[in-house]
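Report on one structure; see the data block that follows.
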Amino acid sequence: MVEPIFDASIPGSSLTKEMGNQPWKNPPQHTTLEEALDFYVDRMATDEFTNKLVTSLEMGVPVSSIASIIQIHGVMEGRHTLDVSIMLTPIIMEMIALIADTMGIEYDMGLENEDSIEEANSDIINVARLKLRRKQIEENEKELGELEEEEVSMPEDMQLEENMPMISETEQVEDEMPRGLMARGV
């Protein structure tokens with residue numbers, strides 16, 4: 001049987017302490033991206049960090065997770081602000097990948113599926129193809145309009161009967177106008 005832990009903090013106790021008592025409630029040590037980056041470069045160059053990093057990567061922990069932990073820890077310690085940490089995360093990921101490459105360790109960047117990235121790229125290519133086709137169709141229509149109109153004989157079954165009512169241009173435009181609750185007429 002698991003015994004309950006009674007030494008946990010009481011909810012709301014953080015609101016009863018003095019302001020500035022916690023590191024994240026004080027001004028950050030490094031206010032710019034460059035300052036924070038210098039701090040992390042020095043910290044990541046140590047043998048202790050490299051050994052822990054190698055162990056984590058060999059266990060299969062993604063690079064993005066390690067970078068996230070590092071930057072969130074920096075915010076909690078009051079080293080930099082959250083907005084600096086967001087800009088810092090991709091740089092930290094690249095630094096970790098560089099260390100792993102130099103050590104000859106295979107790693108997972110932890111980004112979304114590479115298949116979804118390829119699908120997004122193929123979607124972009126498909127959209128470009130559609131735009132190109134539309135442009136070609138428009139150009140073909142312009143060329144056809146510029147050519148002399150030739151009378152085309154219609155088959156007998158396709159010819160209009162004289163007593164058949166004709167639709168005027170205004171009726172055609174009205175049929176093409178959107179209809180519905182929020183549709184606005186001209």
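Ordering of the structure tokens sets the chain letters (A, B, ...); residue numbers start at 1 within each chain; ligands are numbered from 1 in the order shown.
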
So which residues touch Ala100 of chain A within 9 Å, counting only C-alpha atoms, skipping near sequence neighbours fewer than 4 positions away, as a PyMOL selection string? chain A and resi 50+53-54+57+95-96+104-107

For Asp83 of chain A, the nearest of the candidates A:Pro23, A:Pro28, A:Lys131, A:Met103, counting only C-alpha atoms: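 When distances to Asp83 of chain A are compared using only C-alpha atoms, the smallest one comes from A:Pro28.
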
Taking only C-alpha atoms into account, name the residue in A:Ile72, A:Met19, A:Ala67, A:Ala8 that is nearest to Ile91 of chain A.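 Checking each candidate against Ile91 of chain A, we get A:Ala67 as the closest.
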
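Minimum atom-to-atom distance to Asp108 of chain A, evaluated using only C-alpha atoms, belongs to A:Val63 out of A:Ile137, A:Val63, A:Ala36, A:Leu144.
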
Which of segment 73-146 of chain A DSSP labels alpha helix (DSSP H), written as number ranges by chain: A: 73-76, 82-103, 114-146

Hey, what's within 12 Å of Pro27 of chain A if we count only C-alpha atoms and toss same-chain stuff fewer than 2 positions away? As a list in words, please? Met19, Gly20, Asn21, Gln22, Pro23, Trp24, Lys25, Gln29, His30, Thr31, Val75, Met76, Glu77, Gly78, Arg79, His80, Thr81 and Leu82 of chain A

Could you list, as a PyMOL selection string, every residue within 6 Å of Ser64 of chain A, counting only C-alpha atoms and ignoring same-chain residues fewer than 2 positions away? chain A and resi 62+66-67+109-110

Write out the residues from the selection above, keeping C-alpha atoms, as a PDB file, in the first residue's frame.
ATOM      1  CA  PRO A  62      14.827  13.144 -29.306  1.00  0.00           C
ATOM      2  CA  ILE A  66      16.491  17.753 -24.813  1.00  0.00           C
ATOM      3  CA  ALA A  67      16.536  21.295 -26.219  1.00  0.00           C
ATOM      4  CA  MET A 109      15.621  15.368 -34.209  1.00  0.00           C
ATOM      5  CA  GLY A 110      12.140  14.753 -32.806  1.00  0.00           C
TER       6      GLY A 110
END

With a distance cut-off of 6 Å and only C-alpha atoms, select the neighbouring residues of Gln71 of chain A, excluding the residue or stretch itself and same-chain residues fewer than 3 positions from it, and output the selection as a ChimeraX atom specification. /A:68,74,85

Any chance you can output those residues with N, CA and C atoms as a PDB file, in the first residue's frame?
ATOM      1  N   SER A  68      14.235  21.403 -25.460  1.00  0.00           N
ATOM      2  CA  SER A  68      13.115  21.973 -24.711  1.00  0.00           C
ATOM      3  C   SER A  68      13.392  21.980 -23.215  1.00  0.00           C
ATOM      4  N   GLY A  74      16.341  26.925 -18.153  1.00  0.00           N
ATOM      5  CA  GLY A  74      16.951  28.258 -18.127  1.00  0.00           C
ATOM      6  C   GLY A  74      15.948  29.335 -17.728  1.00  0.00           C
ATOM      7  N   SER A  85      13.914  32.185 -24.914  1.00  0.00           N
ATOM      8  CA  SER A  85      14.057  30.728 -24.972  1.00  0.00           C
ATOM      9  C   SER A  85      13.401  30.147 -26.218  1.00  0.00           C
TER      10      SER A  85
END

Choose the residue, out of A:Ile70, A:Ile10, A:Val61, A:Leu88, that has the smallest atom-to-atom separation from Arg43 of chain A; count only C-alpha atoms. A:Ile70

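Put simply, atom CA of Glu18 of chain A is 28.3 Å away from atom CA of Ile86 of chain A.
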
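Atom CA of Ala97 of chain A lies 15.3 Å from atom CA of Ile69 of chain A.
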
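Relative to atom CA of Ile92 of chain A, atom CA of Asp38 of chain A is found at 11.3 Å.
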